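Peer 1: Structure provided below as structure tokens; questions to follow.
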Amino acid sequence: MSENRDYYEVLGVDKDADARTIKRAFLKKARTVHPDVSDDPEAEAKFKELNEAYSVLSDEQKRANYDRYGTADGPGGSGYVDINDIFGGMGMDDLFSSFFGGGAGGGARSRRERRRGRDMAISLSVTLEEAALGCKKTISYDRLAPCEDCNGTGKAEGAAEKQCSRCHGTGYVTTVQRSFLGQVQSSSPCPDCHGEGTVIDHPCETCDGQGRTPSHEKIDIDIPAGVSTGRQLRVSGFGEAGLRGEPSGDLIVNVRVADHERFKRNGDDLYLVSDISIAQAALGCEIEVEGIMPDEVVKVTVPAGTQYGDTVSVNNYGMPRIGGGGSRGRLVVQLRVVVPTNLSNKQRELLRAFADEMGDDVASGKKSVTDRIKSALDDILD
């Protein structure tokens with residue numbers, strides 16, 4: 001779209017137009033410029049321009065940014081990410097193709113086969129902290145939604161739905177053709193009612209009698225505490241709207257929990273690595289580590305004689321268990337013994353005294369405690 005083209009001009013609405021007026025204008029123009037119904041060689045470009053304008057003006061935040069700064073991104077630049085990139089779902093163009101295919105001018109496929117709306121699936125990514133606490137996410141997506149002008153009935157005001165006179169309510173017509181084998185009989189969806197068995201004498205102009213229109217939706221999703229990657233959340237009635245008031249399908253949200261820089265997750269257990277000194281490993285100690293919950297501090301008891309790579313687990317500091325009544329998994333801490341490098345003279349003397357006490361001949365080249373630990377570390381790393 002040309003940068004000097006005004007979005008309001010593209011849709012043909014005033015700058016103070018409400019959301020319903022904007023949607024009506026978009027649907028009206030889309031009926032004439034969509035590539036599925038227009039022979040104009042520039043139809044695809046025109047619909048792309050129209051769709052871009054609607055995607056901005058139908059979203060409160062983007063519209064506010066556009067009105068104030070002249071761009072949907074606002075003053076900060078590219079803060080907008082297309083929902084199709086996030087979810088990999090149907091875009092408005094795909095919805096309109098489906099919309100025209102199922103409308104009054106649709107193809108031969110029987111609409112009766114899919115009066116109920118189909119389920120829709122999207123993906124949603126959350127952080128590990130959000131998964132631990134549970135959260136509410138606002139998502140935007142495109143779907144065929146119940147028509148606001150006819151309340152999903154497909155009827156204009158005062159219209160009536162009656163039995164199709166051509167197929168007598170069956171939804172199919174039978175034709176008989178003569179061939180050298182005799183008469184051949186075949187059935188096909190009725191061209192008058194498109195397989196419905198009923199017709200509306202005055203269909204709604206906005207939805208062309210379907211009872212649904214392409215729409216950009218925004219809903220809140222409750223993410224339960226303890227959710228894990230692969231969990232599916234079903235939101236009833238927010239999938240594709242059914243034809244003429246039939247039930248809508250469901251919206252299925254596939255959750256993905258992003259990787260964390262400190263924690264590794266295994267089921268409801270969390271794993272992390274913590275450093276301790278040689279003295280702490282030898283003598284034992286108590287250390288503190290940050291948990292996954294806000295301001296959570298976990299005290300971990302390190303037993304005397306701990307070796308590099310040993311683990312210590314603390315119950316009830318992992319991820320919440322869904323349906324577990326508040327219980328949580330374990331926090332498993334892997335201990336990494338750190339060998340000091342820049343020793344002071346006093347530290348060196350104390351370490352030599354310790355080596356003498358242990359019978360390590362540092363001067364003769366025999367391995368000291370420090371050298372043995374370094375060798376063990378090298379073996380582990382190799």
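The chains in the structure tokens are called A, B, ... from first to last as shown; in each chain the residues are counted from 1, and the ligands are counted from 1 in the order shown.
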Could you give me, as a Markdown table, every region 165-272 of chain A residue with an atom at most 12 Å from region 136-149 of chain A, plus its closest atom pair and distance in Å to one decimal, counting only C-alpha atoms, rows ordered by chain then number?
Peer 2:
| residue | atom | partner | partner_atom | distance |
| --- | --- | --- | --- | --- |
| A:Pro203 | CA | A:Asp149 | CA | 11.2 |
| A:Cys204 | CA | A:Asp149 | CA | 7.6 |
| A:Glu205 | CA | A:Asp149 | CA | 8.8 |
| A:Thr206 | CA | A:Asp149 | CA | 7.0 |
| A:Cys207 | CA | A:Cys147 | CA | 6.4 |
| A:Asp208 | CA | A:Cys147 | CA | 9.9 |
| A:Gly209 | CA | A:Cys147 | CA | 9.5 |
| A:Gln210 | CA | A:Cys147 | CA | 8.3 |
| A:Gly211 | CA | A:Cys147 | CA | 5.2 |
| A:Arg212 | CA | A:Pro146 | CA | 4.2 |
| A:Thr213 | CA | A:Leu144 | CA | 5.2 |
| A:Pro214 | CA | A:Leu144 | CA | 4.4 |
| A:Ser215 | CA | A:Arg143 | CA | 5.5 |
| A:His216 | CA | A:Asp142 | CA | 4.5 |
| A:Glu217 | CA | A:Tyr141 | CA | 5.4 |
| A:Lys218 | CA | A:Ser140 | CA | 4.3 |
| A:Ile219 | CA | A:Thr138 | CA | 5.6 |
| A:Asp220 | CA | A:Thr138 | CA | 4.4 |
| A:Ile221 | CA | A:Lys137 | CA | 5.1 |
| A:Asp222 | CA | A:Lys136 | CA | 4.6 |
| A:Ile223 | CA | A:Lys136 | CA | 5.8 |
| A:Pro224 | CA | A:Lys136 | CA | 8.7 |
| A:Ala225 | CA | A:Lys136 | CA | 10.5 |
| A:Gly237 | CA | A:Ala145 | CA | 9.9 |
| A:Phe238 | CA | A:Ala145 | CA | 8.2 |
| A:Gly239 | CA | A:Arg143 | CA | 6.9 |
| A:Glu240 | CA | A:Leu144 | CA | 5.1 |
| A:Ala241 | CA | A:Ala145 | CA | 5.0 |
| A:Gly242 | CA | A:Pro146 | CA | 7.7 |
| A:Leu243 | CA | A:Pro146 | CA | 8.5 |
| A:Arg244 | CA | A:Pro146 | CA | 8.4 |
| A:Gly245 | CA | A:Pro146 | CA | 7.5 |
| A:Glu246 | CA | A:Pro146 | CA | 9.6 |
| A:Pro247 | CA | A:Pro146 | CA | 9.9 |
| A:Ser248 | CA | A:Ala145 | CA | 8.3 |
| A:Gly249 | CA | A:Leu144 | CA | 10.3 |
| A:Asp250 | CA | A:Arg143 | CA | 11.1 |
| A:Leu251 | CA | A:Arg143 | CA | 9.9 |
| A:Val253 | CA | A:Ile139 | CA | 10.1 |
| A:Val255 | CA | A:Lys137 | CA | 11.3 |
Peer 1: Name the residues in contact with Leu272 (chain A) at a cut-off of 12 Å, using only C-alpha atoms, excluding same-chain residues fewer than 2 positions from it; report them as an MDAnalysis selection string.
Peer 2: chainID A and resid 260:266 269:270 274:275 289:292 309:314 317:318 330:336
Peer 1: May I ask for the distance between CA of Cys164 (chain A) and CA of Asp192 (chain A), given in Å to one decimal place?
Peer 2: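 Atom-to-atom, CA of Cys164 (chain A) to CA of Asp192 (chain A), that is 7.4 Å.
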Peer 1: So the first atom is CA of Glu42 (chain A) and the second is CA of Lys15 (chain A); what is the distance between them in Å, to one decimal place?
Peer 2: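 We find that CA of Glu42 (chain A) and CA of Lys15 (chain A) lie 26.5 Å from each other.
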